[in-house]
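**Q** File name my_file_1.csv; file contents CSV, C-alpha atoms; full text below.
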```csv
chain,number,residue,atom,x,y,z
A,1,MET,CA,-93.0,41.9,-173.5
A,2,LEU,CA,-92.1,44.1,-170.5
A,3,ASN,CA,-92.0,47.9,-170.9
A,4,GLY,CA,-91.0,47.6,-174.6
A,5,LEU,CA,-88.2,45.0,-174.0
A,6,PHE,CA,-88.2,41.2,-174.0
A,7,ALA,CA,-87.1,39.9,-170.6
A,8,PRO,CA,-87.4,36.6,-168.7
A,9,PRO,CA,-91.1,35.9,-168.1
A,10,PHE,CA,-92.9,36.2,-164.8
A,11,SER,CA,-95.2,33.5,-163.5
A,12,PRO,CA,-98.4,34.9,-162.0
A,13,ILE,CA,-98.8,34.1,-158.3
A,14,GLY,CA,-102.3,35.4,-157.9
A,15,ARG,CA,-103.8,37.3,-154.9
A,16,TYR,CA,-103.2,36.3,-151.3
A,17,ARG,CA,-104.7,37.8,-148.2
A,18,ILE,CA,-102.0,39.4,-146.1
A,19,SER,CA,-102.6,39.1,-142.3
A,20,GLY,CA,-100.5,40.1,-139.3
A,21,ARG,CA,-98.5,42.6,-141.3
A,22,GLY,CA,-96.1,39.9,-142.3
A,23,GLN,CA,-95.7,38.6,-138.7
A,24,GLY,CA,-97.3,35.9,-136.6
A,25,GLY,CA,-96.2,32.8,-138.5
A,26,VAL,CA,-98.1,33.6,-141.7
A,27,VAL,CA,-97.2,31.0,-144.3
A,28,ARG,CA,-96.2,32.5,-147.7
A,29,PRO,CA,-96.4,30.9,-151.1
A,30,ASP,CA,-93.1,29.6,-152.5
A,31,PRO,CA,-91.4,32.2,-154.7
A,32,VAL,CA,-91.8,31.6,-158.5
A,33,ASN,CA,-90.6,34.8,-160.1
A,34,LEU,CA,-87.2,36.2,-160.9
A,35,GLN,CA,-85.9,38.8,-158.6
A,36,LEU,CA,-82.7,40.5,-157.4
A,37,VAL,CA,-81.0,38.0,-155.0
A,38,THR,CA,-77.6,39.6,-154.1
A,39,GLY,CA,-76.0,42.8,-153.1
A,40,ASP,CA,-73.2,44.6,-155.0
A,41,THR,CA,-75.1,45.2,-158.2
A,42,HIS,CA,-74.9,48.5,-159.9
A,43,PHE,CA,-76.2,50.4,-162.9
A,44,PRO,CA,-73.0,51.6,-164.7
A,45,ASN,CA,-72.0,55.0,-163.3
A,46,GLY,CA,-68.4,55.6,-164.1
A,47,ALA,CA,-66.7,57.4,-166.9
A,48,VAL,CA,-66.4,55.4,-170.1
A,49,VAL,CA,-63.0,53.7,-170.5
A,50,THR,CA,-61.1,53.5,-173.8
A,51,LEU,CA,-59.2,50.2,-174.2
A,52,ALA,CA,-56.2,51.7,-176.1
A,53,GLY,CA,-52.9,50.1,-177.1
A,54,THR,CA,-53.6,46.6,-178.6
A,55,ASN,CA,-56.4,45.8,-176.1
A,56,THR,CA,-59.9,45.2,-177.3
A,57,ASN,CA,-60.9,42.9,-174.4
A,58,ASN,CA,-61.9,43.6,-170.8
A,59,GLN,CA,-62.3,40.9,-168.2
A,60,GLY,CA,-62.6,40.4,-164.4
A,61,ARG,CA,-64.7,39.1,-161.6
A,62,ASN,CA,-66.8,40.6,-158.8
A,63,GLY,CA,-68.2,39.1,-155.6
A,64,HIS,CA,-71.9,39.2,-154.5
A,65,VAL,CA,-73.4,38.4,-151.1
A,66,VAL,CA,-76.6,36.4,-151.3
A,67,GLY,CA,-79.6,37.4,-149.2
A,68,PRO,CA,-81.1,35.2,-146.4
A,69,SER,CA,-82.4,32.5,-148.7
A,70,LYS,CA,-80.7,30.0,-151.0
A,71,VAL,CA,-81.3,30.9,-154.6
A,72,LYS,CA,-81.7,29.0,-157.9
A,73,ASN,CA,-82.1,30.0,-161.6
A,74,ILE,CA,-79.2,32.5,-161.5
A,75,ILE,CA,-79.3,35.0,-164.3
A,76,PHE,CA,-76.9,37.9,-164.9
A,77,VAL,CA,-78.2,41.2,-166.3
A,78,ASP,CA,-76.0,43.8,-168.0
A,79,ALA,CA,-76.9,47.3,-169.1
A,80,HIS,CA,-75.5,49.1,-172.1
A,81,ALA,CA,-76.2,52.5,-170.7
A,82,LEU,CA,-75.0,54.6,-167.8
A,83,VAL,CA,-75.7,57.3,-165.3
A,84,THR,CA,-73.5,60.2,-166.4
A,85,PRO,CA,-70.9,61.2,-163.7
A,86,GLY,CA,-71.3,64.8,-162.6
A,87,SER,CA,-75.0,65.0,-163.6
A,88,GLY,CA,-76.9,61.8,-163.2
A,89,ILE,CA,-78.4,62.0,-166.7
A,90,GLU,CA,-79.0,58.6,-168.2
A,91,SER,CA,-77.1,58.0,-171.4
A,92,ASN,CA,-77.3,55.2,-173.9
A,93,SER,CA,-73.6,54.9,-174.2
A,94,PRO,CA,-70.8,53.8,-174.9
A,95,VAL,CA,-71.6,54.1,-178.6
A,96,ALA,CA,-69.9,50.9,-179.8
A,97,GLN,CA,-71.4,47.5,-179.8
A,98,CYS,CA,-70.1,45.2,-177.0
A,99,THR,CA,-69.9,41.4,-177.1
A,100,TRP,CA,-70.4,39.8,-173.7
A,101,GLN,CA,-69.5,36.6,-171.9
A,102,ARG,CA,-70.4,35.7,-168.3
A,103,ALA,CA,-69.7,33.0,-165.8
A,104,ALA,CA,-70.7,32.1,-162.3
A,105,GLU,CA,-68.6,30.7,-159.4
A,106,LYS,CA,-70.0,29.1,-156.3
A,107,LEU,CA,-67.4,29.3,-153.5
A,108,THR,CA,-69.1,26.8,-151.2
A,109,GLY,CA,-68.8,23.1,-152.1
A,110,ILE,CA,-67.3,23.8,-155.6
A,111,ASN,CA,-65.3,26.6,-157.1
A,112,THR,CA,-65.4,25.6,-160.7
A,113,PRO,CA,-66.7,28.4,-162.9
A,114,VAL,CA,-69.8,27.7,-164.9
A,115,ARG,CA,-70.4,29.5,-168.2
A,116,ALA,CA,-73.6,31.5,-168.5
A,117,LEU,CA,-75.3,31.2,-171.9
A,118,TYR,CA,-77.4,33.6,-173.9
A,119,SER,CA,-80.3,31.8,-175.6
A,120,GLY,CA,-78.0,28.7,-175.7
A,121,GLY,CA,-75.0,30.6,-177.1
A,122,ASN,CA,-71.7,31.6,-175.5
A,123,THR,CA,-71.9,35.3,-176.4
A,124,LYS,CA,-74.4,38.2,-176.6
A,125,VAL,CA,-74.0,41.5,-178.5
A,126,SER,CA,-75.4,44.6,-176.8
A,127,ASN,CA,-76.2,47.9,-178.4
A,128,PRO,CA,-76.7,51.3,-176.7
A,129,GLY,CA,-79.8,51.3,-174.6
A,130,ASP,CA,-79.9,47.5,-174.2
A,131,LEU,CA,-80.5,45.3,-171.2
A,132,ILE,CA,-79.2,41.8,-171.8
A,133,PHE,CA,-80.0,38.6,-169.8
A,134,THR,CA,-78.1,35.4,-169.6
A,135,ASP,CA,-79.9,32.1,-169.5
A,136,PRO,CA,-80.2,30.5,-166.0
A,137,VAL,CA,-76.7,29.2,-165.1
A,138,ALA,CA,-76.9,25.4,-165.5
A,139,GLY,CA,-76.6,23.4,-162.3
A,140,MET,CA,-75.7,26.4,-160.2
A,141,GLU,CA,-77.4,27.4,-156.9
A,142,TRP,CA,-76.0,29.8,-154.4
A,143,ASP,CA,-76.5,29.3,-150.6
A,144,ALA,CA,-78.0,31.9,-148.3
A,145,ASP,CA,-75.5,34.4,-146.8
A,146,THR,CA,-72.6,33.3,-149.0
A,147,THR,CA,-70.3,35.3,-151.2
A,148,ASN,CA,-70.0,34.0,-154.8
A,149,TYR,CA,-68.6,35.5,-157.9
A,150,SER,CA,-69.6,36.7,-161.4
A,151,GLY,CA,-67.0,36.7,-164.1
A,152,PHE,CA,-67.1,38.8,-167.2
A,153,TYR,CA,-65.3,39.0,-170.6
A,154,ARG,CA,-66.3,41.6,-173.0
A,155,THR,CA,-65.0,42.8,-176.4
A,156,VAL,CA,-65.4,46.0,-178.4
A,157,PRO,CA,-64.6,46.3,-182.2
A,158,THR,CA,-61.5,48.5,-182.0
A,159,VAL,CA,-58.9,49.8,-179.6
A,160,THR,CA,-60.4,53.3,-179.8
A,161,ASP,CA,-63.8,52.1,-178.6
A,162,ALA,CA,-64.9,52.6,-175.0
A,163,LEU,CA,-66.5,50.4,-172.3
A,164,SER,CA,-68.8,51.3,-169.4
A,165,SER,CA,-67.5,51.3,-165.8
A,166,VAL,CA,-68.7,51.3,-162.2
A,167,THR,CA,-67.2,53.6,-159.6
A,168,ASN,CA,-68.0,51.3,-156.7
A,169,ASN,CA,-65.8,48.6,-155.3
A,170,SER,CA,-67.7,45.4,-155.0
A,171,VAL,CA,-66.5,42.4,-153.0
A,172,GLY,CA,-63.2,41.3,-154.5
A,173,SER,CA,-63.5,43.7,-157.5
A,174,ALA,CA,-61.1,42.8,-160.3
A,175,GLY,CA,-60.8,44.0,-163.8
A,176,PHE,CA,-58.2,44.6,-166.5
A,177,ARG,CA,-57.9,45.4,-170.2
A,178,THR,CA,-56.1,42.9,-172.4
A,179,SER,CA,-55.6,41.5,-175.8
A,180,GLY,CA,-55.6,38.0,-174.3
A,181,GLY,CA,-58.3,35.3,-174.3
A,182,SER,CA,-61.1,34.7,-171.8
A,183,GLN,CA,-60.2,33.2,-168.4
A,184,LEU,CA,-63.8,32.7,-167.4
A,185,LEU,CA,-63.5,29.0,-167.2
A,186,ARG,CA,-60.0,28.9,-165.6
A,187,ALA,CA,-59.3,25.7,-163.8
A,188,GLY,CA,-60.2,25.9,-160.1
A,189,GLY,CA,-61.6,29.4,-160.3
A,190,GLY,CA,-60.1,32.1,-158.2
A,191,VAL,CA,-58.0,35.2,-159.1
A,192,LEU,CA,-57.3,36.0,-162.7
A,193,ASN,CA,-53.9,36.2,-164.3
A,194,ASN,CA,-53.6,39.9,-165.4
A,195,SER,CA,-49.9,39.9,-166.3
A,196,GLY,CA,-49.0,42.0,-169.3
A,197,THR,CA,-52.3,43.9,-169.2
A,198,SER,CA,-53.5,47.4,-168.2
A,199,ALA,CA,-55.9,48.1,-165.3
A,200,GLY,CA,-59.7,48.0,-165.2
A,201,PRO,CA,-62.5,48.6,-165.5
A,202,ALA,CA,-64.2,46.1,-163.2
A,203,CYS,CA,-67.8,45.4,-164.3
A,204,PRO,CA,-70.2,44.0,-161.8
A,205,PRO,CA,-73.5,43.0,-163.4
A,206,ALA,CA,-76.4,45.4,-163.3
A,207,MET,CA,-78.3,42.7,-161.5
A,208,VAL,CA,-78.0,39.1,-160.4
A,209,LEU,CA,-81.5,37.6,-160.7
A,210,GLY,CA,-82.7,34.3,-159.3
A,211,ILE,CA,-85.6,32.6,-157.5
A,212,PRO,CA,-85.2,32.2,-153.8
A,213,TYR,CA,-86.4,29.2,-151.9
A,214,VAL,CA,-88.2,31.3,-149.4
A,215,PRO,CA,-89.7,34.8,-149.8
A,216,MET,CA,-87.0,37.5,-149.7
A,217,ALA,CA,-87.2,41.2,-150.3
A,218,ALA,CA,-84.8,43.3,-152.5
A,219,VAL,CA,-84.2,47.0,-152.9
A,220,ILE,CA,-83.0,49.6,-155.5
A,221,GLY,CA,-81.4,52.8,-154.2
A,222,VAL,CA,-81.9,55.9,-156.3
A,223,LEU,CA,-79.0,58.0,-155.1
A,224,ASP,CA,-76.8,61.0,-155.4
A,225,SER,CA,-73.2,61.5,-154.2
A,226,ILE,CA,-74.2,61.2,-150.5
A,227,GLY,CA,-76.0,57.9,-151.2
A,228,THR,CA,-73.4,56.4,-153.5
A,229,TYR,CA,-70.3,56.9,-151.2
A,230,LYS,CA,-68.6,60.3,-151.6
A,231,ASP,CA,-66.3,61.0,-148.6
A,232,ASP,CA,-67.0,57.6,-147.2
A,233,THR,CA,-64.5,54.8,-147.8
A,234,ASN,CA,-65.3,52.9,-151.0
A,235,THR,CA,-64.7,49.3,-150.0
A,236,SER,CA,-66.5,45.9,-150.0
A,237,SER,CA,-67.9,46.6,-146.6
A,238,THR,CA,-68.6,50.4,-146.7
A,239,GLN,CA,-69.4,52.4,-149.8
A,240,GLY,CA,-71.9,55.0,-148.4
A,241,PHE,CA,-74.7,54.7,-146.0
A,242,PHE,CA,-77.1,53.0,-148.3
A,243,ALA,CA,-74.8,50.1,-149.1
A,244,ARG,CA,-73.6,49.9,-145.5
A,245,ALA,CA,-77.2,49.6,-144.3
A,246,MET,CA,-78.2,46.9,-146.8
A,247,ARG,CA,-75.1,44.8,-146.3
A,248,SER,CA,-76.4,43.9,-142.8
A,249,VAL,CA,-80.1,44.0,-141.9
A,250,SER,CA,-80.5,41.7,-138.9
A,251,GLY,CA,-77.1,40.2,-139.9
A,252,HIS,CA,-78.1,39.4,-143.5
A,253,CYS,CA,-77.6,41.1,-146.8
A,254,PHE,CA,-80.8,42.8,-148.0
A,255,PRO,CA,-80.2,42.3,-151.8
A,256,TRP,CA,-79.5,45.7,-153.2
A,257,HIS,CA,-78.8,47.6,-156.5
A,258,LYS,CA,-77.6,51.1,-156.9
A,259,GLN,CA,-78.8,53.6,-159.5
A,260,GLY,CA,-76.9,56.9,-158.9
A,261,ILE,CA,-73.8,59.0,-159.0
A,262,ASP,CA,-72.5,62.4,-157.8
A,263,ALA,CA,-74.6,65.5,-158.6
A,264,ASN,CA,-77.7,63.3,-159.4
A,265,LYS,CA,-81.1,64.9,-159.0
A,266,ILE,CA,-84.7,63.6,-158.8
A,267,GLN,CA,-85.2,65.7,-162.0
A,268,ASN,CA,-82.6,63.5,-163.8
A,269,GLN,CA,-84.2,60.2,-162.6
A,270,MET,CA,-87.8,61.0,-163.6
A,271,VAL,CA,-89.4,58.3,-165.7
A,272,ALA,CA,-89.3,60.0,-169.1
A,273,VAL,CA,-85.6,60.8,-168.9
A,274,ALA,CA,-84.3,57.6,-167.2
A,275,PRO,CA,-86.3,54.8,-168.8
A,276,VAL,CA,-83.6,52.1,-168.9
A,277,GLN,CA,-83.1,52.1,-165.2
A,278,LYS,CA,-86.8,51.8,-164.6
A,279,LEU,CA,-86.9,48.5,-166.5
A,280,LEU,CA,-85.0,47.0,-163.6
A,281,TRP,CA,-87.6,48.1,-160.9
A,282,GLN,CA,-89.9,45.1,-161.6
A,283,TYR,CA,-87.2,42.8,-160.1
A,284,VAL,CA,-87.3,44.2,-156.6
A,285,THR,CA,-89.8,44.7,-153.8
A,286,ASP,CA,-88.6,48.1,-152.5
A,287,ILE,CA,-87.4,51.4,-153.9
A,288,PHE,CA,-85.3,53.7,-151.7
A,289,ILE,CA,-85.1,57.3,-152.8
A,290,GLN,CA,-82.3,59.3,-151.2
A,291,LEU,CA,-82.2,62.1,-153.9
A,292,GLY,CA,-83.3,65.7,-153.4
A,293,THR,CA,-80.4,67.8,-152.1
A,294,ASN,CA,-79.3,68.8,-155.6
A,295,ASP,CA,-82.8,69.7,-156.6
A,296,ILE,CA,-82.8,72.5,-154.1
A,297,ALA,CA,-81.1,75.0,-156.3
A,298,ALA,CA,-81.6,78.8,-156.2
A,299,GLY,CA,-85.3,79.5,-156.7
A,300,ALA,CA,-86.4,75.9,-155.8
A,301,ASP,CA,-89.9,75.6,-154.5
A,302,LEU,CA,-91.8,72.9,-152.6
A,303,ALA,CA,-94.3,72.3,-155.3
A,304,THR,CA,-91.6,71.4,-157.8
A,305,MET,CA,-89.9,69.1,-155.3
A,306,LYS,CA,-93.1,67.3,-154.6
A,307,ALA,CA,-93.9,66.9,-158.3
A,308,ARG,CA,-90.5,65.4,-159.1
A,309,PHE,CA,-90.7,63.0,-156.2
A,310,LEU,CA,-94.2,61.9,-157.1
A,311,ASP,CA,-93.1,61.2,-160.7
A,312,LEU,CA,-90.8,58.5,-159.3
A,313,ALA,CA,-93.2,57.5,-156.5
A,314,ASP,CA,-96.2,57.1,-158.7
A,315,TYR,CA,-94.2,54.8,-161.1
A,316,ALA,CA,-93.1,52.7,-158.1
A,317,TYR,CA,-96.5,52.8,-156.6
A,318,ASN,CA,-98.0,51.2,-159.8
A,319,THR,CA,-95.1,48.7,-160.5
A,320,VAL,CA,-95.8,45.1,-159.6
A,321,GLY,CA,-92.8,43.3,-158.1
A,322,PRO,CA,-91.9,39.6,-158.0
A,323,TYR,CA,-94.5,38.7,-155.3
A,324,GLY,CA,-97.6,40.2,-157.0
A,325,CYS,CA,-97.4,43.2,-154.8
A,326,TYR,CA,-96.8,46.9,-155.7
A,327,LEU,CA,-93.4,48.2,-154.8
A,328,ARG,CA,-92.9,49.6,-151.3
A,329,ILE,CA,-91.4,53.1,-151.4
A,330,HIS,CA,-88.8,54.5,-148.9
A,331,ALA,CA,-87.3,57.9,-148.7
A,332,SER,CA,-84.6,59.4,-146.5
A,333,SER,CA,-84.6,63.0,-145.2
A,334,ILE,CA,-82.5,65.6,-147.0
A,335,ILE,CA,-79.7,66.4,-144.5
A,336,PRO,CA,-78.6,69.9,-143.8
A,337,ARG,CA,-75.7,71.4,-145.7
A,338,GLY,CA,-73.7,74.6,-145.4
A,339,THR,CA,-74.4,75.9,-148.9
A,340,LEU,CA,-78.2,76.3,-148.6
A,341,THR,CA,-79.7,79.7,-148.1
A,342,GLY,CA,-82.5,80.5,-145.7
A,343,ALA,CA,-85.1,80.1,-148.4
A,344,GLN,CA,-83.6,76.8,-149.6
A,345,ASN,CA,-83.6,75.5,-146.0
A,346,THR,CA,-87.3,76.3,-145.8
A,347,VAL,CA,-87.9,74.2,-148.9
A,348,ARG,CA,-85.8,71.4,-147.4
A,349,ASN,CA,-87.6,71.4,-144.1
A,350,ASP,CA,-91.0,71.6,-145.7
A,351,TYR,CA,-90.1,68.8,-148.1
A,352,ASN,CA,-88.8,66.6,-145.3
A,353,ALA,CA,-92.0,67.3,-143.3
A,354,TRP,CA,-94.1,66.3,-146.3
A,355,LEU,CA,-92.1,63.0,-146.7
A,356,ALA,CA,-92.5,62.3,-143.0
A,357,ALA,CA,-96.3,62.8,-143.3
A,358,GLY,CA,-96.4,60.1,-146.1
A,359,ALA,CA,-95.8,62.1,-149.3
A,360,ASP,CA,-99.5,62.3,-150.2
A,361,GLY,CA,-100.0,58.6,-149.4
A,362,ARG,CA,-97.2,57.3,-151.6
A,363,LEU,CA,-94.5,56.7,-149.0
A,364,THR,CA,-94.2,53.3,-147.2
A,365,LYS,CA,-91.4,54.3,-144.9
A,366,TYR,CA,-89.6,57.6,-144.1
A,367,HIS,CA,-86.0,57.3,-142.8
A,368,ASP,CA,-85.0,60.3,-140.8
A,369,ILE,CA,-81.2,60.4,-140.9
A,370,ILE,CA,-80.6,64.0,-140.0
A,371,THR,CA,-79.4,63.5,-136.4
A,372,ALA,CA,-77.2,60.6,-137.5
A,373,ALA,CA,-75.6,62.8,-140.3
A,374,GLY,CA,-74.2,65.1,-137.6
A,375,ASP,CA,-73.0,68.7,-137.8
A,376,TYR,CA,-72.1,69.6,-141.4
A,377,THR,CA,-69.4,71.9,-140.2
A,378,THR,CA,-67.5,68.8,-139.1
A,379,TYR,CA,-67.6,67.1,-142.5
A,380,PRO,CA,-64.0,66.4,-143.8
A,381,ASN,CA,-63.9,68.1,-147.2
A,382,ASP,CA,-66.9,70.4,-147.5
A,383,GLN,CA,-70.2,71.2,-145.8
A,384,ILE,CA,-72.2,68.8,-148.0
A,385,HIS,CA,-70.8,65.3,-147.7
A,386,PRO,CA,-70.6,63.4,-144.4
A,387,GLY,CA,-67.4,61.4,-143.6
A,388,PRO,CA,-67.2,57.7,-142.7
A,389,THR,CA,-68.5,58.0,-139.1
A,390,PRO,CA,-71.8,59.8,-140.0
A,391,HIS,CA,-72.2,57.3,-142.9
A,392,ALA,CA,-72.0,54.5,-140.4
A,393,ASN,CA,-74.4,56.2,-138.1
A,394,MET,CA,-76.9,56.9,-140.9
A,395,ALA,CA,-76.6,53.3,-142.0
A,396,ALA,CA,-77.4,52.0,-138.5
A,397,VAL,CA,-80.7,54.0,-138.6
A,398,VAL,CA,-81.7,52.7,-142.0
A,399,SER,CA,-80.6,49.1,-141.3
A,400,ALA,CA,-82.8,49.1,-138.1
A,401,ASN,CA,-85.7,50.5,-140.1
A,402,MET,CA,-85.4,47.9,-142.8
A,403,VAL,CA,-85.8,44.9,-140.5
A,404,PRO,CA,-89.5,44.2,-140.9
A,405,TYR,CA,-89.2,44.8,-144.7
A,406,VAL,CA,-87.1,41.7,-145.1
A,407,ASP,CA,-90.5,40.1,-145.4
A,408,PRO,CA,-91.6,41.1,-148.9
A,409,TYR,CA,-95.3,41.1,-147.8
A,410,PHE,CA,-94.9,43.4,-144.9
A,411,GLU,CA,-97.0,46.6,-145.5
A,412,ALA,CA,-97.3,45.5,-149.1
A,413,ARG,CA,-100.2,46.3,-151.4
A,414,LEU,CA,-101.4,43.4,-153.5
A,415,ALA,CA,-101.9,44.0,-157.2
A,416,ALA,CA,-105.4,43.3,-158.6
```
Could you take the file, read its structure, and then write that structure out as structure tokens?

**A**
Amino acid sequence: MLNGLFAPPFSPIGRYRISGRGQGGVVRPDPVNLQLVTGDTHFPNGAVVTLAGTNTNNQGRNGHVVGPSKVKNIIFVDAHALVTPGSGIESNSPVAQCTWQRAAEKLTGINTPVRALYSGGNTKVSNPGDLIFTDPVAGMEWDADTTNYSGFYRTVPTVTDALSSVTNNSVGSAGFRTSGGSQLLRAGGGVLNNSGTSAGPACPPAMVLGIPYVPMAAVIGVLDSIGTYKDDTNTSSTQGFFARAMRSVSGHCFPWHKQGIDANKIQNQMVAVAPVQKLLWQYVTDIFIQLGTNDIAAGADLATMKARFLDLADYAYNTVGPYGCYLRIHASSIIPRGTLTGAQNTVRNDYNAWLAAGADGRLTKYHDIITAAGDYTTYPNDQIHPGPTPHANMAAVVSANMVPYVDPYFEARLAA
């Protein structure tokens, strides 16, 4: 029983003395617990999509790049909830039940899709607020640094019901609405036949879990429009500075999951108001908090900013990840924007200084991206959101900073 929901069990790994800050040839125990093992996973964050016409089915496939270790025990997680566009408020919607099917494709060696089962059955029904987990995909392992695919087929009761969606383009994103049958096990794998259908939505899993063969870190980004991708290109290789950074840390994917959308605030991600997203934190080693700029409204004060951040940070600080260590906490600086008043800039500067000083002992790593973000007067569409070049520059800073954290034991605190 984990945080009020049943989920795949952890195996205890006990306490290990960490020496050399994760360096110097320290031998780590073999991983035994489920964790996030790929990039391109997202908590749903798009507007709900009505099927309409005669369509009650939605199917597609999405690619995922594996981190720097081969992985086994592959499990797909789906969330029947979303981060509301335009606010970031977590909502247990859409309101209708949804019946899920999943499959996995390995594109190295074989490309025959393998059905994912749910407690031995082909389908699983989700209700608002649910997280659902497949069984480990039988006989499937994904090699390090490879791109492999998750397929989905989901059904709602009537054509007027809605499905959740994701605004981000994963590797090879594909999705369409149809009245046709499932193509999850199509011969030879590959692109689906979407003739006679209507478009989208694509539906990458909330997470792809597994057990790596060697220790491997993974991160959740808690993000607003700047972190998710607004005014950056939204592709399988870009999609905002956070995704850009995690796609290549020392040349490897740092497995990543996004929780965020435009207009998001720390206030809307606090533990009491966003509980479903927090249930996924136990499957990573690191939390990256980019939020904050939208909390600096008129009348904002430093004490409130600190309290909101500490609500998230304290939860992460006391959450044990897959290696028996408490989660490491990262935060990026709030970049300048043209809409802030002098008083608001004072709050921003003081808050950044507080983060840089360690956030009252909670912060593992501060990522200063202000210089890389450039002059806000040069931003393409407003004075808030950087364009693609600053996103690439910010990503380079974060990617370089994340290099030592590829080791999940680096600067980690062991749980008692």

**Q** Restricting the calculation to all atoms listed in the file, which member of A:Asn294, A:Thr377, A:Ser87, A:Asn73 is positioned closest to A:Leu34?

**A**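 The shortest atom-to-atom distance to A:Leu34 comes from A:Asn73.
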
**Q** I need the residue nearest A:Gly53 from this list: A:Gly180, A:Glu105, A:Ser198, A:Ser164. Use all atoms listed in the file for the distance.

**A**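 Among the listed residues, the smallest separation from A:Gly53 belongs to A:Ser198.
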
**Q** Record the distance separating atom CA of A:Val137 and atom CA of A:Val114, expressed in Å with one decimal.

**A** 7.1 Å

**Q** Would you please work out which residue, of A:Lys124, A:His367, A:Arg348, A:Arg328, is nearest to A:His80 when using all atoms listed in the file?

**A**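 That would be A:Lys124, the residue with the smallest distance to A:His80.
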
**Q** So that I can check the surroundings of stretch 240-252 of chain A, please list as an mmCIF file with C-alpha atoms, in the frame of the given file every protein, DNA and RNA residue that reaches within 10 Å of it, counting all atoms listed in the file and ignoring chain neighbours fewer than 5 positions away.

**A**
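This went into result.cif:
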```
data_model
loop_
_atom_site.group_PDB
_atom_site.id
_atom_site.type_symbol
_atom_site.label_atom_id
_atom_site.label_comp_id
_atom_site.auth_asym_id
_atom_site.auth_seq_id
_atom_site.Cartn_x
_atom_site.Cartn_y
_atom_site.Cartn_z
ATOM 1 C CA THR A 38 -77.600 39.600 -154.100
ATOM 2 C CA GLY A 39 -76.000 42.800 -153.100
ATOM 3 C CA ASP A 40 -73.200 44.600 -155.000
ATOM 4 C CA VAL A 65 -73.400 38.400 -151.100
ATOM 5 C CA VAL A 66 -76.600 36.400 -151.300
ATOM 6 C CA GLY A 67 -79.600 37.400 -149.200
ATOM 7 C CA PRO A 68 -81.100 35.200 -146.400
ATOM 8 C CA SER A 69 -82.400 32.500 -148.700
ATOM 9 C CA ALA A 144 -78.000 31.900 -148.300
ATOM 10 C CA ASP A 145 -75.500 34.400 -146.800
ATOM 11 C CA THR A 146 -72.600 33.300 -149.000
ATOM 12 C CA ASN A 168 -68.000 51.300 -156.700
ATOM 13 C CA ALA A 218 -84.800 43.300 -152.500
ATOM 14 C CA VAL A 219 -84.200 47.000 -152.900
ATOM 15 C CA ILE A 220 -83.000 49.600 -155.500
ATOM 16 C CA GLY A 221 -81.400 52.800 -154.200
ATOM 17 C CA VAL A 222 -81.900 55.900 -156.300
ATOM 18 C CA LEU A 223 -79.000 58.000 -155.100
ATOM 19 C CA SER A 225 -73.200 61.500 -154.200
ATOM 20 C CA ILE A 226 -74.200 61.200 -150.500
ATOM 21 C CA GLY A 227 -76.000 57.900 -151.200
ATOM 22 C CA THR A 228 -73.400 56.400 -153.500
ATOM 23 C CA TYR A 229 -70.300 56.900 -151.200
ATOM 24 C CA LYS A 230 -68.600 60.300 -151.600
ATOM 25 C CA ASP A 231 -66.300 61.000 -148.600
ATOM 26 C CA ASP A 232 -67.000 57.600 -147.200
ATOM 27 C CA THR A 233 -64.500 54.800 -147.800
ATOM 28 C CA ASN A 234 -65.300 52.900 -151.000
ATOM 29 C CA THR A 235 -64.700 49.300 -150.000
ATOM 30 C CA HIS A 257 -78.800 47.600 -156.500
ATOM 31 C CA LYS A 258 -77.600 51.100 -156.900
ATOM 32 C CA PHE A 288 -85.300 53.700 -151.700
ATOM 33 C CA GLN A 290 -82.300 59.300 -151.200
ATOM 34 C CA ALA A 373 -75.600 62.800 -140.300
ATOM 35 C CA PRO A 386 -70.600 63.400 -144.400
ATOM 36 C CA GLY A 387 -67.400 61.400 -143.600
ATOM 37 C CA PRO A 388 -67.200 57.700 -142.700
ATOM 38 C CA THR A 389 -68.500 58.000 -139.100
ATOM 39 C CA PRO A 390 -71.800 59.800 -140.000
ATOM 40 C CA HIS A 391 -72.200 57.300 -142.900
ATOM 41 C CA ALA A 392 -72.000 54.500 -140.400
ATOM 42 C CA ASN A 393 -74.400 56.200 -138.100
ATOM 43 C CA MET A 394 -76.900 56.900 -140.900
ATOM 44 C CA ALA A 395 -76.600 53.300 -142.000
ATOM 45 C CA ALA A 396 -77.400 52.000 -138.500
ATOM 46 C CA VAL A 397 -80.700 54.000 -138.600
ATOM 47 C CA VAL A 398 -81.700 52.700 -142.000
ATOM 48 C CA SER A 399 -80.600 49.100 -141.300
ATOM 49 C CA ALA A 400 -82.800 49.100 -138.100
ATOM 50 C CA ASN A 401 -85.700 50.500 -140.100
ATOM 51 C CA MET A 402 -85.400 47.900 -142.800
ATOM 52 C CA VAL A 403 -85.800 44.900 -140.500
ATOM 53 C CA PRO A 404 -89.500 44.200 -140.900
ATOM 54 C CA TYR A 405 -89.200 44.800 -144.700
ATOM 55 C CA VAL A 406 -87.100 41.700 -145.100
#
```

**Q** So how far away is atom CA of A:Ala79 from atom CA of A:Ile334, in Å?

**A**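 If I compute the distance from atom CA of A:Ile334 to atom CA of A:Ala79, I get 29.2 Å.
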
**Q** Fewer than 6 positions away in the same chain doesn't count, so skip those; otherwise give me all residues within 8 Å of A:Glu141, counting all atoms listed in the file, as a list in words.

**A** Lys70, Val71, Lys72, Asn73, Ile74 and Lys106 of chain A

**Q** Restrict the selected residues to C-alpha atoms and save them as a compact mmCIF listing (two decimals), in the frame of the given file.

**A**
```txt
# COMPACT_ATOMS: atom_id res chain seq x y z
CA LYS A 70 -80.70 30.00 -151.00
CA VAL A 71 -81.30 30.90 -154.60
CA LYS A 72 -81.70 29.00 -157.90
CA ASN A 73 -82.10 30.00 -161.60
CA ILE A 74 -79.20 32.50 -161.50
CA LYS A 106 -70.00 29.10 -156.30
```
